[in-house]
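Enquirer: Compact mmCIF, C-alpha atoms and all ligand atoms, file run-v2.txt:
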# COMPACT_ATOMS: atom_id res chain seq x y z
CA MET A 1 26.58 11.79 43.88
CA ARG A 2 28.69 8.63 43.43
CA ARG A 3 32.23 9.01 44.74
CA LYS A 4 34.88 8.70 42.02
CA LYS A 5 37.27 5.80 42.35
CA LEU A 6 41.02 5.96 41.87
CA VAL A 7 42.93 2.68 41.64
CA ILE A 8 46.72 2.77 41.84
CA ILE A 9 48.67 -0.30 40.82
CA GLY A 10 51.97 -0.33 42.69
CA GLY A 11 52.60 0.87 46.23
CA GLY A 12 56.20 2.07 45.81
CA ALA A 13 57.34 5.66 46.24
CA GLY A 14 55.47 6.71 43.09
CA GLY A 15 52.12 5.05 43.87
CA ALA A 16 52.18 6.16 47.50
CA SER A 17 52.89 9.77 46.51
CA VAL A 18 50.06 9.79 43.96
CA ALA A 19 47.65 8.41 46.59
CA ALA A 20 48.62 10.96 49.24
CA GLU A 21 48.50 13.92 46.89
CA ALA A 22 45.20 12.89 45.26
CA LYS A 23 43.57 12.45 48.69
CA ARG A 24 44.86 15.84 49.80
CA ARG A 25 43.49 17.51 46.67
CA ASN A 26 40.19 15.63 46.63
CA PRO A 27 39.26 13.99 49.97
CA ALA A 28 36.05 12.62 48.41
CA LEU A 29 37.97 10.23 46.14
CA THR A 30 37.82 6.53 46.97
CA ILE A 31 41.43 5.43 46.60
CA THR A 32 42.80 1.89 46.53
CA ILE A 33 46.47 0.94 46.23
CA VAL A 34 47.12 -2.55 44.88
CA GLU A 35 50.57 -3.87 45.81
CA GLN A 36 51.87 -7.31 44.94
CA GLY A 37 54.45 -7.28 47.73
CA ALA A 38 54.00 -7.29 51.47
CA TYR A 39 54.96 -3.63 51.99
CA VAL A 40 53.95 -0.25 50.64
CA SER A 41 55.64 3.13 50.74
CA VAL A 42 59.08 1.63 51.16
CA ALA A 43 61.95 4.12 51.32
CA ALA A 44 64.30 2.26 48.96
CA CYS A 45 67.06 4.84 49.03
CA PRO A 46 68.07 4.31 52.68
CA MET A 47 68.10 0.49 52.24
CA PRO A 48 71.87 0.32 51.58
CA TYR A 49 72.42 2.06 54.91
CA TYR A 50 70.25 -0.54 56.62
CA ILE A 51 72.45 -3.28 55.10
CA GLY A 52 75.50 -1.35 56.32
CA ASP A 53 74.03 -1.06 59.83
CA VAL A 54 73.90 2.73 59.73
CA ILE A 55 70.12 2.46 60.08
CA LYS A 56 69.38 -0.15 62.75
CA ASP A 57 65.60 -0.16 62.82
CA GLN A 58 63.92 -1.70 59.76
CA ASN A 59 60.73 0.22 60.54
CA HIS A 60 62.55 3.35 59.41
CA LEU A 61 62.50 1.96 55.88
CA ILE A 62 58.74 2.21 55.66
CA ALA A 63 57.49 5.74 55.23
CA ARG A 64 53.80 4.86 55.77
CA THR A 65 52.22 1.55 56.76
CA PRO A 66 48.94 0.23 55.26
CA GLU A 67 47.26 1.03 58.59
CA GLU A 68 48.43 4.64 58.38
CA PHE A 69 47.11 4.86 54.82
CA ARG A 70 43.77 3.45 55.99
CA LYS A 71 43.56 6.04 58.76
CA GLY A 72 43.98 8.66 56.03
CA GLY A 73 41.11 7.14 54.05
CA ILE A 74 43.23 5.21 51.50
CA GLU A 75 42.64 1.46 51.12
CA VAL A 76 45.71 -0.72 50.61
CA LEU A 77 45.67 -4.28 49.28
CA THR A 78 49.04 -5.92 49.89
CA ASN A 79 50.10 -9.34 48.57
CA THR A 80 47.70 -8.67 45.72
CA THR A 81 48.75 -8.53 42.08
CA ALA A 82 46.87 -6.70 39.35
CA VAL A 83 46.73 -9.45 36.72
CA GLU A 84 44.53 -8.01 33.98
CA LEU A 85 43.03 -4.72 32.86
CA ASP A 86 39.65 -4.36 31.19
CA THR A 87 39.83 -0.78 29.95
CA ASP A 88 36.38 -0.99 28.29
CA GLN A 89 34.64 -1.93 31.53
CA ARG A 90 37.20 0.02 33.61
CA VAL A 91 37.97 -2.91 35.85
CA VAL A 92 41.28 -4.18 37.25
CA LYS A 93 41.32 -7.92 37.83
CA LEU A 94 43.22 -8.97 40.92
CA SER A 95 45.06 -12.16 41.84
CA SER A 96 42.47 -12.68 44.56
CA GLY A 97 39.83 -13.09 41.84
CA ARG A 98 38.19 -9.80 42.73
CA GLY A 99 37.50 -7.13 40.12
CA LEU A 100 38.14 -3.54 41.12
CA SER A 101 36.30 -0.87 39.15
CA TYR A 102 37.84 2.54 38.61
CA ASP A 103 37.21 6.00 37.21
CA TYR A 104 40.90 6.87 37.27
CA LEU A 105 43.74 4.37 36.98
CA VAL A 106 47.41 4.99 37.75
CA LEU A 107 50.08 2.49 36.74
CA ALA A 108 52.96 2.94 39.18
CA THR A 109 54.51 -0.48 38.68
CA GLY A 110 58.11 0.74 38.71
CA SER A 111 60.83 -1.60 37.59
CA LYS A 112 62.31 -5.00 38.39
CA ALA A 113 65.89 -5.94 39.12
CA GLN A 114 67.41 -7.40 35.99
CA ARG A 115 69.48 -10.55 36.14
CA LEU A 116 72.46 -10.24 33.83
CA GLY A 117 72.57 -13.83 32.65
CA ILE A 118 76.28 -14.13 33.41
CA SER A 119 78.08 -17.01 35.04
CA GLY A 120 78.29 -16.84 38.79
CA GLU A 121 75.10 -14.92 39.38
CA ASP A 122 73.45 -17.94 40.96
CA LEU A 123 76.24 -18.44 43.47
CA GLU A 124 75.53 -18.14 47.16
CA GLY A 125 76.05 -14.57 48.31
CA VAL A 126 75.05 -12.93 45.02
CA PHE A 127 71.83 -10.92 45.34
CA THR A 128 69.59 -8.57 43.43
CA PHE A 129 68.84 -5.51 45.51
CA LYS A 130 65.58 -3.83 44.67
CA THR A 131 62.91 -4.66 47.22
CA LEU A 132 62.66 -4.60 50.98
CA ALA A 133 62.52 -8.39 50.89
CA ASP A 134 65.92 -8.30 49.07
CA ALA A 135 67.29 -6.06 51.83
CA PHE A 136 66.10 -8.45 54.53
CA ARG A 137 67.61 -11.41 52.65
CA MET A 138 70.99 -9.71 52.28
CA LYS A 139 71.08 -8.52 55.85
CA SER A 140 70.21 -11.91 57.21
CA TYR A 141 72.88 -13.54 55.03
CA LEU A 142 75.53 -11.04 56.31
CA THR A 143 74.53 -11.27 60.09
CA SER A 144 74.48 -15.45 59.72
CA ARG A 145 77.77 -15.83 57.73
CA HIS A 146 81.43 -15.03 58.12
CA CYS A 147 81.87 -13.15 54.89
CA ARG A 148 85.24 -12.25 53.58
CA LYS A 149 85.63 -8.53 53.47
CA ALA A 150 85.47 -7.36 49.90
CA GLY A 151 88.62 -5.40 48.99
CA ARG A 152 88.46 -1.89 47.67
CA ASN A 153 90.15 -2.94 44.44
CA ILE A 154 88.38 -2.44 43.07
CA GLY A 155 94.76 34.14 24.54
CA ASP A 156 94.13 37.07 25.61
CA VAL A 157 90.43 37.48 26.42
CA GLN A 158 89.04 40.78 27.54
CA MET A 159 87.43 40.43 30.95
CA SER A 160 84.55 42.38 32.41
CA PHE A 161 83.03 42.26 35.88
CA PRO A 162 79.70 40.45 35.56
CA GLY A 163 78.37 41.42 39.01
CA VAL A 164 77.50 39.31 42.06
CA VAL A 165 74.44 38.05 43.90
CA GLY A 166 76.11 38.58 47.28
CA ALA A 167 76.57 34.93 48.31
CA GLN A 168 78.10 34.81 51.78
CA SER A 169 78.65 32.35 54.62
CA PHE A 170 80.07 32.24 58.12
CA ARG A 171 80.20 29.95 61.13
CA ILE A 172 78.90 30.94 64.54
CA PHE A 173 79.45 28.41 67.33
CA ASN A 174 78.39 25.13 65.70
CA LEU A 175 76.13 26.74 63.09
CA GLU A 176 76.59 27.36 59.38
CA VAL A 177 74.96 30.62 58.33
CA ALA A 178 74.64 31.62 54.69
CA ALA A 179 72.74 34.04 52.49
CA ALA A 180 72.54 35.29 48.91
CA GLY A 181 70.57 38.00 47.14
CA LEU A 182 68.43 40.69 48.70
CA GLY A 183 66.74 41.09 52.07
CA GLU A 184 63.14 42.36 52.30
CA LYS A 185 64.00 46.04 52.71
CA GLU A 186 66.57 46.04 49.90
CA ALA A 187 64.05 44.28 47.65
CA ALA A 188 61.28 46.78 48.43
CA ASP A 189 63.72 49.69 47.98
CA SER A 190 64.62 48.25 44.57
CA GLY A 191 60.99 48.36 43.44
CA TYR A 192 59.97 44.72 43.99
CA GLU A 193 56.95 43.52 45.94
CA PRO A 194 58.69 40.96 48.17
CA VAL A 195 56.99 38.03 49.84
CA SER A 196 58.87 35.51 51.94
CA THR A 197 58.63 32.24 53.79
CA ILE A 198 60.69 30.59 56.51
CA ILE A 199 60.56 26.84 56.95
CA TRP A 200 62.39 24.39 59.18
CA GLY A 201 63.23 21.00 57.73
CA SER A 202 65.92 18.38 57.95
CA SER A 203 69.46 18.80 56.60
CA ILE A 204 69.52 15.15 55.43
CA ALA A 205 66.85 12.42 55.34
CA LYS A 206 65.11 12.47 58.72
CA VAL A 207 65.69 8.76 59.31
CA MET A 208 69.46 9.02 58.92
CA PRO A 209 71.75 9.35 61.90
CA GLY A 210 73.20 12.85 62.06
CA ALA A 211 70.07 14.56 60.68
CA LYS A 212 69.87 18.12 61.99
CA SER A 213 67.30 20.83 61.80
CA LEU A 214 67.84 23.26 58.93
CA GLY A 215 66.12 26.63 58.53
CA ILE A 216 65.68 28.29 55.16
CA LYS A 217 64.13 31.59 54.12
CA LEU A 218 63.19 32.39 50.54
CA LEU A 219 62.19 35.78 49.22
CA ALA A 220 60.54 36.36 45.85
CA ASP A 221 58.64 38.99 43.94
CA LYS A 222 54.92 38.53 44.44
CA ILE A 223 54.00 39.56 40.90
CA THR A 224 56.60 37.74 38.77
CA GLY A 225 57.67 34.96 41.17
CA GLN A 226 61.35 35.80 40.56
CA LEU A 227 63.63 34.62 43.35
CA LEU A 228 65.15 37.65 45.09
CA GLY A 229 67.03 36.26 48.09
CA ALA A 230 67.71 33.26 50.31
CA GLN A 231 69.07 32.69 53.79
CA SER A 232 69.83 29.49 55.66
CA VAL A 233 71.06 28.36 59.06
CA GLY A 234 71.80 24.97 60.60
CA GLU A 235 74.54 22.70 61.89
CA ILE A 236 75.05 21.15 58.45
CA GLY A 237 73.82 21.83 54.93
CA ALA A 238 73.10 25.57 55.09
CA VAL A 239 76.00 26.62 52.88
CA ASN A 240 75.41 24.08 50.15
CA ARG A 241 71.70 25.08 49.95
CA ILE A 242 72.69 28.71 49.51
CA ASN A 243 75.26 27.78 46.86
CA ALA A 244 72.48 26.11 44.85
CA LEU A 245 70.18 29.10 45.36
CA SER A 246 72.96 31.50 44.45
CA VAL A 247 73.05 29.87 41.00
CA ALA A 248 69.26 30.13 40.83
CA LEU A 249 69.46 33.85 41.65
CA TRP A 250 72.18 34.38 39.10
CA SER A 251 70.10 32.62 36.45
CA GLY A 252 66.95 34.59 37.28
CA LEU A 253 64.89 31.50 38.15
CA ASN A 254 61.40 31.93 39.53
CA ILE A 255 59.73 30.05 42.37
CA ASP A 256 58.11 27.48 40.06
CA ASP A 257 61.53 26.62 38.62
CA ILE A 258 62.97 26.23 42.11
CA ALA A 259 60.09 24.08 43.34
CA ASN A 260 60.96 21.66 40.52
CA LEU A 261 64.77 21.81 40.55
CA ASP A 262 66.44 18.47 39.87
CA LEU A 263 68.64 18.34 42.96
CA ALA A 264 70.91 15.36 43.61
CA TYR A 265 69.20 13.18 46.19
CA SER A 266 70.59 10.59 48.52
CA PRO A 267 69.51 10.14 52.15
CA PHE A 268 72.94 11.17 53.41
CA PHE A 269 72.50 14.62 51.86
CA SER A 270 68.80 15.51 51.82
CA GLY A 271 65.22 14.25 51.98
CA PRO A 272 63.54 13.21 48.70
CA TRP A 273 62.00 16.68 48.73
CA ASP A 274 64.81 18.97 49.76
CA VAL A 275 64.14 21.93 52.10
CA ILE A 276 64.68 24.11 49.02
CA HIS A 277 61.73 22.47 47.24
CA ILE A 278 59.52 22.63 50.33
CA ALA A 279 60.27 26.31 50.93
CA ALA A 280 59.60 27.14 47.25
CA GLN A 281 56.33 25.20 47.23
CA ASN A 282 55.32 27.03 50.40
CA LEU A 283 56.20 30.45 49.03
CA LYS A 284 54.35 29.74 45.79
CA LYS A 285 51.10 29.89 47.78
CA GLN A 286 51.66 33.62 48.34
CA MET A 287 52.19 34.39 44.67
CA THR A 288 49.73 36.05 42.38
CA ILE A 289 51.18 34.20 39.32
C1 LIG B 301 68.72 0.05 46.86
C2 LIG B 301 68.19 1.29 46.19
C3 LIG B 301 68.72 2.54 46.48
C4 LIG B 301 68.23 3.69 45.86
N1 LIG B 301 68.79 4.90 46.18
C5 LIG B 301 68.35 6.04 45.56
C6 LIG B 301 68.91 7.34 45.89
O1 LIG B 301 69.79 7.45 46.77
N2 LIG B 301 68.44 8.43 45.22
C7 LIG B 301 67.43 8.31 44.26
O2 LIG B 301 67.00 9.32 43.70
N3 LIG B 301 66.85 7.09 43.97
C8 LIG B 301 67.30 5.97 44.59
N4 LIG B 301 66.72 4.73 44.28
C9 LIG B 301 65.65 4.67 43.27
C10 LIG B 301 64.26 4.92 43.87
O3 LIG B 301 64.09 4.14 45.02
C11 LIG B 301 63.23 4.56 42.79
O4 LIG B 301 63.37 5.51 41.77
C12 LIG B 301 61.81 4.57 43.33
O5 LIG B 301 61.64 3.59 44.31
C13 LIG B 301 60.85 4.33 42.19
O6 LIG B 301 59.53 4.28 42.73
P1 LIG B 301 58.32 3.69 41.91
O7 LIG B 301 57.11 3.78 42.78
O8 LIG B 301 58.26 4.35 40.58
O9 LIG B 301 58.70 2.18 41.60
P2 LIG B 301 58.97 0.94 42.59
O10 LIG B 301 59.67 1.36 43.84
O11 LIG B 301 59.62 -0.11 41.74
O12 LIG B 301 57.51 0.48 43.00
C14 LIG B 301 56.66 -0.20 42.11
C15 LIG B 301 55.76 -1.11 42.91
O13 LIG B 301 54.78 -1.68 42.05
C16 LIG B 301 54.55 -3.00 42.49
N5 LIG B 301 53.96 -3.75 41.34
C17 LIG B 301 54.53 -3.97 40.13
N6 LIG B 301 53.67 -4.64 39.34
C18 LIG B 301 52.54 -4.84 40.07
C19 LIG B 301 51.28 -5.48 39.80
N7 LIG B 301 51.00 -6.03 38.59
N8 LIG B 301 50.35 -5.50 40.79
C20 LIG B 301 50.59 -4.94 41.99
N9 LIG B 301 51.77 -4.32 42.30
C21 LIG B 301 52.72 -4.27 41.35
C22 LIG B 301 55.92 -3.52 42.89
O14 LIG B 301 55.82 -4.63 43.79
C23 LIG B 301 56.51 -2.27 43.57
O15 LIG B 301 56.30 -2.26 44.96
C24 LIG B 301 67.19 3.59 44.91
C25 LIG B 301 66.62 2.31 44.63
C26 LIG B 301 67.10 1.19 45.26
C27 LIG B 301 66.49 -0.16 44.95
What does this structure look like when you write it as structure tokens?
Ligand SMILES: Cc1cc2nc3c(=O)[nH]c(=O)nc-3n(C[C@H](O)[C@H](O)[C@H](O)COP(=O)(O)OP(=O)(O)OC[C@H]3O[C@@H](n4cnc5c(N)ncnc54)[C@H](O)[C@@H]3O)c2cc1C
Expert:
Amino acid sequence: MRRKKLVIIGGGAGGASVAAEAKRRNPALTITIVEQGAYVSVAACPMPYYIGDVIKDQNHLIARTPEEFRKGGIEVLTNTTAVELDTDQRVVKLSSGRGLSYDYLVLATGSKAQRLGISGEDLEGVFTFKTLADAFRMKSYLTSRHCRKAGRNIGDVQMSFPGVVGAQSFRIFNLEVAAAGLGEKEAADSGYEPVSTIIWGSSIAKVMPGAKSLGIKLLADKITGQLLGAQSVGEIGAVNRINALSVALWSGLNIDDIANLDLAYSPFFSGPWDVIHIAAQNLKKQMTI
């Protein structure tokens, strides 16, 4: 049988994630990423910290190189622009002149930095900051110039006790330890059918200095998926994870909700997929729902 072809236009975070997930789900797919720039799978979010010298090694800004994609069976065409689509023939025309046929097409072309059209934007030292090439340009300008440091100018309500979910935290040596909700025995004693998972991830983005290992345990009811309890331990980040999960417990969220929570992301505070998401996705595999 002919192998189905997936063509992804754009090799940013979105395109790279689609490629990796599609290959995982269906290894027989022939997948090609078409990227007009020189890099794919660029971690844009840590780029400011590269400019600020917090991240020293530029290789840390690339989550997966084209060679690594190829080893995983995904073809990558860099410095190649998709210039035209023929949706009748299902062909993408490339800047190289080649036509790439597809069964499935994903447009992951992202966005461009917008110039504001205001006076001064063409002056030396004014940059757009969107791509890795922009980051290199800015960094090289700052390391080759004596720049002036920019200033930092810039009645009577009746109350009732609503209950608790048992959120708690303490410090032992250099570790934060926190928990909320039920443990396995309490959950079983209360009539639930508990299933649990323990995962170890990173408290903040792995590439950032100061990243520490963070353990998290989630407990949920096997039949309904309702979150029943959570525990976490690590040098940093355990308490704030449990605070988020305490709200989830209070609100009666289930594991699907938690796997898709919109958590604030920045490399200083978590990975793009937080340990909470990873643990929930892992626990979901044990569910009957
Ligand atoms: C400096 C910076 C810091 C950020 N920090 C954070 C943060 O802390 N937290 C957060 O949540 N988000 C952050 N973001 C946003 C986040 O990086 C973006 O949401 C994410 O990169 C979007 O990914 P994407 O794949 O959809 O698009 P993009 O990253 O824009 O990728 C699209 C790709 O498609 C390619 N392309 C476009 N047209 C064509 C074509 N015709 N042919 C071939 N290739 C094409 C482009 O070259 C590009 O590589 C930050 C972004 C930047 C720039």
Enquirer: Name the closest residue to A:Gln36 among the candidates A:Ile55, A:Ala82, A:Ala279, A:Ala19; distances are taken between atoms, counting only C-alpha atoms.
Expert: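 Closest candidate: A:Ala82.
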Enquirer: Give me, as a PDB file with C-alpha atoms, in the frame of the given file, all polymer residues having an atom no more than 8 Å from stretch 258-274 of chain A, counting only C-alpha atoms and skipping those fewer than 6 positions away in the same chain.
Expert:
ATOM      1  CA  CYS A  45      67.060   4.840  49.030  1.00  0.00           C
ATOM      2  CA  PRO A  46      68.070   4.310  52.680  1.00  0.00           C
ATOM      3  CA  SER A 202      65.920  18.380  57.950  1.00  0.00           C
ATOM      4  CA  SER A 203      69.460  18.800  56.600  1.00  0.00           C
ATOM      5  CA  ILE A 204      69.520  15.150  55.430  1.00  0.00           C
ATOM      6  CA  ALA A 205      66.850  12.420  55.340  1.00  0.00           C
ATOM      7  CA  LYS A 206      65.110  12.470  58.720  1.00  0.00           C
ATOM      8  CA  MET A 208      69.460   9.020  58.920  1.00  0.00           C
ATOM      9  CA  GLY A 237      73.820  21.830  54.930  1.00  0.00           C
ATOM     10  CA  ALA A 248      69.260  30.130  40.830  1.00  0.00           C
ATOM     11  CA  ALA A 280      59.600  27.140  47.250  1.00  0.00           C
ATOM     12  CA  GLN A 281      56.330  25.200  47.230  1.00  0.00           C
TER      13      GLN A 281
END
Enquirer: For atom CA of A:Lys284 and atom CA of A:Gln231, determine how far apart the two atoms are, in Å to one decimal place.
Expert: 17.0 Å
Enquirer: Between A:Ser246, A:Thr128, A:Gln114, A:Thr288, which one has atoms that come closest to A:Thr224, using only C-alpha atoms?
Expert: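 Among A:Ser246, A:Thr128, A:Gln114, A:Thr288, it is A:Thr288 that comes nearest to A:Thr224.
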Enquirer: Would you kindly return, as a PDB file with C-alpha atoms, keeping the file's coordinate frame, each protein, DNA or RNA residue with an atom no farther than 12 Å from any atom of A:Arg90, considering all atoms listed in the file and excluding same-chain residues fewer than 6 positions away?
Expert:
ATOM      1  CA  LYS A   5      37.270   5.800  42.350  1.00  0.00           C
ATOM      2  CA  LEU A   6      41.020   5.960  41.870  1.00  0.00           C
ATOM      3  CA  VAL A   7      42.930   2.680  41.640  1.00  0.00           C
ATOM      4  CA  GLU A  84      44.530  -8.010  33.980  1.00  0.00           C
ATOM      5  CA  GLY A  99      37.500  -7.130  40.120  1.00  0.00           C
ATOM      6  CA  LEU A 100      38.140  -3.540  41.120  1.00  0.00           C
ATOM      7  CA  SER A 101      36.300  -0.870  39.150  1.00  0.00           C
ATOM      8  CA  TYR A 102      37.840   2.540  38.610  1.00  0.00           C
ATOM      9  CA  ASP A 103      37.210   6.000  37.210  1.00  0.00           C
ATOM     10  CA  TYR A 104      40.900   6.870  37.270  1.00  0.00           C
ATOM     11  CA  LEU A 105      43.740   4.370  36.980  1.00  0.00           C
TER      12      LEU A 105
END
